[in-house]
Every structure is written in structure tokens, then in C-alpha cells.
Amino acid sequence: MLRILHSLPRTHKLLLLPVATMVTVLGAQKLITTYQDLNQPHTPLESVLVPLPSDSAPGIPSLNQERTPVADAINRASRAIDATRDHIPLSDLTAKEIVDLDVISTAEASLADYPPPGATLDHGALHMAVVVGTLTSGMLDVDPTSSVEIADATSYEDYGIDLFDDVSFLELELAAEEPFVPEWETHIVESGETFAVLAQNELGLGYSEVLALLDDLPEPRMLTNWRAGHSFDYQLDESGRLMALRMMKNTRDGVLVESDADHFAVTAIERQGEPVQRLYAGSVSGSFARSAQATGLSSGSVTELTKLLEKKLDFRRDSRRGDQFQVLVESDMIDGEALDSRVLAVKYNGERMDLTVVRNATDDHFYTPDGNSLDPSFARYPFEGSYRLSSNFNPQRKHPVTGRISPHNGTDFAMPIGTPVIAPANGRVERVANHPAAGRYIVVRHDNGYRTRYLHLSQPLVSQGDRITMGERIALSGNTGRSTGPHLHYEVIVNNSPVNAMTVDLPENMGLSGDTLIAFQRQAEPMLAALDSGETGTISVAGYQPESDAE
């Protein structure tokens, strides 16, 4: 029987499940039973054995003549069972139990006409009959009032019948009903690969869609100028078309592209790191910059530290070998990488000068522990960096071109054309003009009453009447007017009289006071404690919170 079932196609196996159950569990002589009288439960029951017509039965069509798949399967199974049995008349059978099978429509269509009402089933090999619906359908001569019950269910697995060829239809149905969930995948760029080709071959985009996507990107070079080893993440929908693309320009910044109807929506990505504080300590040996870098400080932190201390410390004149310094730095940590490092506090103990300053989170400026500002209210130099002083302030100077006595009321600094000129203090632009001798020049009146002039400029960056702040770029140096070479002529005028910009007393620094000073000192306390501890490495500093985060 099992060999026969295994030889059938899978669909026919499914149709023969009820038959296999009956043959395996009940046997051919316990197929169908009916109650004769429900009101007399002790009345003997009549067992009904339903043979199918044989090929030699007169007047009754044979299942073999129909040649349906179901009929063929049933005939083969019946002949295999009947090979060892004798014909048993219906009158000799004894009632045992009731079985009702509700076979699917394919079997019903194949067997609905067998046997015709009133037909006599005898002669020939015994066959099994599949009863469709209830036994009151007219297929058999049974009391219409009799009831029909279904025999106890039996597990096919209990008898070793594998009718599904190890295929779970339930799992397939459940899988088909599960909603599609897109997953992020990563693509690593290979040598010679281009996004336009990749998008068409792997992301389901047309050439025009690729061009539209690149037009929507704020920086198309991220996808057009990539290199081998770069990577991006993407999601595809059920049809294999791009749903979303995520690519990072660097550790912090990137873009997210999402498909939205007929276009692409682009969103900037900015990853927020975890603030981590770290203390560095060292001593001066050679140049201060090299000594600071030897402690492990990044080049950006060394530059910031150098500019900070230059406001009070002349490294060439004041620093000495063996001077000690501690630097507290905060960085944003993303995936183990330190980003956007910023100096929080510095302590310098030198032979000629001691200095301790702390960054104020409120205004992002540095102050001493007493609240004195490290930033002057009026800078000595109107530029960043160091440039050669080519001509001093000299009221009795002989002009280098004419040879006559011509006062030099400013200070000249030799510098390349295009060097940025910055405002030494807050103020307002009083004049922007051209002169045959001075060339392009600017005059600024500052808030403390001082005036400054900048001559021989190549390009002014402000206009008359503009309000400027300390450190703002106001022009680019040049070589215009009567000039012997590229330089900046810088003048400071006090009470309408020119003074030596390199020696004039400048306004004192502004400081903190009142509640502002108290708040700063409370914030600076843990950072000062970290500097005094000397414990280098990662530390936790409570109380410091940048103004942007506080909001």
C-alpha cells in the first residue's frame, strides 16, 4: 500500500488521504456502518461493506473505463488489498462502527455516479468505495433517517505514511502570509565600479532615475567620486527596486536617500557622539608644539592650545625647557574615534610665567579662575600667525621712494597678497576708499574710541557703515598704491593722533562679575580639580555642558 501511495503524484496523494486512513486503520471490512434506529440503541447494527463494480459486472460501468487519476489510484489500491481475500456478501457482514468521509470536490466528481441507485454489487474483486458527503445522498440503499458519524481521527505519521514528501504546506502558507520586511544590506565598492552602472544592475533603477537621484544629492561626488573600499547601505523592496540608500561622508556626516513616489527624498545624517574628557600632561622640550603633540594631543588640539596660550605667552621668549603643562580636552566618541576635540582647560607652570584658564560654557571664551578674560578687548595684531615686521612706526622716517622726510605713522608687515586682515576689536567701518598713495584702504572706529587704518589692500571685505566684531575678517592684504612690495600698513590713532601700535596701552581685558562669575566658578571647579590631580587618561568631569547642549 505504501509503495503504491509513494508512486502517485503529490496532488493524488492529497486526494487519497481519507482512503489511506481507512485502509491502514480500519481495514477493508470496517469501512461504513449505519445506525438502523436511533431510538433503539441496543438493536444490532448493520455493517455496510461497499465494493466498487468490477470490470465483469454486467450493466455497471467500471471505474477503469473512466480513467480518472483518482479512479486509477483507487482501483490499484483495491486490487492490492483484495488479492488475498474472498468475496464477502453484504448480508454476511456484521455492524461494527460508523465512518463518514467528506472527500474533496475532485473525488466527488469522479465517483458521484457510482453505483447507480438500485444496482447490485457482486462478482469480481472487492474494491473500496469512497463515500462523498453523507450516506443519505442516494448512492447506497440506506435509511434516510439514519445518522452518520466520523471515525476517530488517526495521525498519518503514527503509521509511517509520508504523503507530503517532507514538504510542510502549513509552513509555506504561513510564509506566504508574512509581510515583507526589507533588510539593510551593505555594498563595498570595488575597483573600477561606478554608481550609475551599479544602480541599474543591482538597485533596479533606470538611467534617468540615477540622474535624478544624483541631482537631488547635496554632494553628488559622494556617489560619483568614490574609491574602492568605500561602502554604503541599501534596502530593496519585494520587486528588487531601491527603497533607501544610506552613505556616510565621514564618521559623523552622511545622507539618507528614500524613494518617495516619483522622486527621492534626501535627508542629512549627523551622528551625535558621546562626550568624553581626557587629561594630557607633558613638559616642554624643544618647541612647545612638538612637546604638546608628544603627549598624544591631536594636531587640531595642539593648534588650538598654541593659539590660546599665545594671547598671554611668548613661546620664543617666555617658555623654558622643563616647563610643565596639563591640558583637559573633550571629544565626541563615535565608533571608537575621537571627533571635534576642544580644549576645556589648561594649566601652564613655567619658569617665567604661570597661567591657568578654563573655558566658559556660557560664552565659549576662556577665563582665569578669578574670572579675568584671556581674550583682550583690543588685540595687538590685526592678523593671525606671524609675519615679519618690515618697517616700524617712525615719525622721522625718510621715504624709501622719494628720499624726503616723510613720517611713517604705521607699522608695516611683509605678507603675501591675499592674507586675511582681522578686526582687532569691535567697532564700525567708517570708510572704504581708494587713494593714489595708500591704495585701497579701510578706516574703523572702535567702541573704546580708538581708530585703526589698513592700507595697500587687495580687496576690502566690508562696506562703510558695517558693524564688525573682534576677530572678523575685514580685508585681504595686497600691494596697491605707492608700495615697494606686498605688505600691510597698520595704524592705530588715539585722540586723532597716530601712535605706535606695538607699544600703545591697549584697553584692559573684560572679566566676569556677580552671578555670572559665581556660575562660572561653580562650573570650573571639577575641571580645575582634574588639572590638579595629574591623572592622565580618560576621566569624568561633571558640571561642564556646552551652551548648545544646555538649550
# chains A, B, ... in the order shown; residues from 1 in each chain; ligands from 1
$ residues_around --residues "Ser341 (chain A)" --least-positions-apart "4" --cutoff "7 Å" --atoms "only C-alpha atoms" --output "PyMOL selection string"
chain A and resi 301+329-332
$ residues_around --residues "region 355-370 of chain A" --least-positions-apart "3" --cutoff "10 Å" --atoms "only C-alpha atoms" --output "PyMOL selection string"
chain A and resi 308-309+312-313+325-326+328+342-350+373-375+510-513+516-521+523-525+527-528+531+543-550
$ residues_around --residues "His435 (chain A)" --least-positions-apart "4" --cutoff "7 Å" --atoms "only C-alpha atoms" --output "PyMOL selection string"
chain A and resi 439-440+481
$ write_last_selection --atoms "N, CA and C atoms" --output "CSV table (one decimal), in the first residue's frame"
chain,number,residue,atom,x,y,z
A,439,GLY,N,46.5,103.4,-1.8
A,439,GLY,CA,45.9,102.3,-2.5
A,439,GLY,C,44.5,102.0,-1.9
A,440,ARG,N,44.0,100.8,-1.9
A,440,ARG,CA,42.7,100.5,-1.3
A,440,ARG,C,42.9,100.5,0.3
A,481,GLY,N,48.5,101.0,-4.6
A,481,GLY,CA,49.0,102.3,-4.2
A,481,GLY,C,50.5,102.4,-4.4
$ atom_distance --atom1 "CA of Thr503 (chain A)" --atom2 "CA of Phe413 (chain A)"
15.6 Å
$ select_by_dssp --residues "region 195-303 of chain A" --states "strand (DSSP E)" --output "JSON, numbers by chain"
{"A": [231, 232, 233, 234, 235, 236, 242, 243, 244, 245, 246, 247, 248, 253, 254, 255, 256, 257, 258, 259, 260, 263, 264, 265, 266, 267, 268, 269, 270, 274, 275, 276, 277, 278, 279, 280, 281, 282, 283]}
$ select_by_dssp --residues "region 146-344 of chain A" --states "helix (DSSP H, G or I)" --output "number ranges by chain"
A: 156-159, 169-177, 195-202, 207-216, 221-224, 288-294, 299-310, 315-318
$ closest_residue --among "A:Gly478, A:Leu279, A:Thr251, A:Phe383" --to "Asp340 (chain A)" --atoms "only C-alpha atoms"
A:Thr251
$ residues_around --residues "Ala437 (chain A)" --least-positions-apart "4" --cutoff "12 Å" --atoms "only C-alpha atoms" --output "ChimeraX atom specification"
/A:401,433,441,455-457,479-484,489
$ write_last_selection --atoms "N, CA and C atoms" --output "PDB file, in the first residue's frame"
ATOM      1  N   VAL A 401      61.013 105.877  -1.449  1.00  0.00           N
ATOM      2  CA  VAL A 401      60.836 106.136  -2.872  1.00  0.00           C
ATOM      3  C   VAL A 401      61.294 107.561  -3.226  1.00  0.00           C
ATOM      4  N   ALA A 433      37.789 103.158   0.810  1.00  0.00           N
ATOM      5  CA  ALA A 433      38.085 104.044  -0.318  1.00  0.00           C
ATOM      6  C   ALA A 433      39.397 103.643  -0.993  1.00  0.00           C
ATOM      7  N   TYR A 441      41.992 101.173   0.968  1.00  0.00           N
ATOM      8  CA  TYR A 441      42.184 101.234   2.417  1.00  0.00           C
ATOM      9  C   TYR A 441      40.836 101.270   3.147  1.00  0.00           C
ATOM     10  N   LEU A 455      46.123  99.946   4.988  1.00  0.00           N
ATOM     11  CA  LEU A 455      46.460 100.464   3.666  1.00  0.00           C
ATOM     12  C   LEU A 455      47.031  99.379   2.755  1.00  0.00           C
ATOM     13  N   HIS A 456      47.011  99.682   1.447  1.00  0.00           N
ATOM     14  CA  HIS A 456      47.582  98.833   0.385  1.00  0.00           C
ATOM     15  C   HIS A 456      46.847  97.486   0.264  1.00  0.00           C
ATOM     16  N   LEU A 457      45.571  97.472   0.505  1.00  0.00           N
ATOM     17  CA  LEU A 457      44.784  96.240   0.481  1.00  0.00           C
ATOM     18  C   LEU A 457      44.523  95.788  -0.957  1.00  0.00           C
ATOM     19  N   ASN A 479      49.120  94.966  -2.515  1.00  0.00           N
ATOM     20  CA  ASN A 479      50.289  95.751  -2.923  1.00  0.00           C
ATOM     21  C   ASN A 479      49.831  96.932  -3.770  1.00  0.00           C
ATOM     22  N   THR A 480      48.677  97.519  -3.430  1.00  0.00           N
ATOM     23  CA  THR A 480      48.109  98.623  -4.209  1.00  0.00           C
ATOM     24  C   THR A 480      48.678  99.960  -3.736  1.00  0.00           C
ATOM     25  N   GLY A 481      48.529 100.996  -4.572  1.00  0.00           N
ATOM     26  CA  GLY A 481      49.016 102.329  -4.230  1.00  0.00           C
ATOM     27  C   GLY A 481      50.512 102.435  -4.398  1.00  0.00           C
ATOM     28  N   ARG A 482      51.099 103.369  -3.673  1.00  0.00           N
ATOM     29  CA  ARG A 482      52.548 103.575  -3.731  1.00  0.00           C
ATOM     30  C   ARG A 482      53.204 102.603  -2.752  1.00  0.00           C
ATOM     31  N   SER A 483      53.657 101.461  -3.289  1.00  0.00           N
ATOM     32  CA  SER A 483      54.168 100.394  -2.440  1.00  0.00           C
ATOM     33  C   SER A 483      55.379  99.746  -3.085  1.00  0.00           C
ATOM     34  N   THR A 484      56.328  99.328  -2.240  1.00  0.00           N
ATOM     35  CA  THR A 484      57.545  98.694  -2.751  1.00  0.00           C
ATOM     36  C   THR A 484      57.433  97.178  -2.784  1.00  0.00           C
ATOM     37  N   HIS A 489      50.057  97.900   5.794  1.00  0.00           N
ATOM     38  CA  HIS A 489      50.354  99.084   6.598  1.00  0.00           C
ATOM     39  C   HIS A 489      49.229  99.238   7.617  1.00  0.00           C
TER      40      HIS A 489
END
$ atom_distance --atom1 "CA of Leu389 (chain A)" --atom2 "CA of Pro460 (chain A)"
22.0 Å
$ atom_distance --atom1 "CA of Arg221 (chain A)" --atom2 "CA of Glu337 (chain A)"
24.2 Å
$ residues_around --residues "Gly254 (chain A)" --least-positions-apart "3" --cutoff "9 Å" --atoms "only C-alpha atoms" --output "list in words"
Arg246, Met247, Met248, Lys249, Asn250, Thr251, Thr267, Ala268, Ile269, Glu270 and Arg271 of chain A
$ closest_residue --among "A:Ile442, A:Val284, A:Leu297, A:Met222" --to "Gly322 (chain A)" --atoms "only C-alpha atoms"
A:Val284
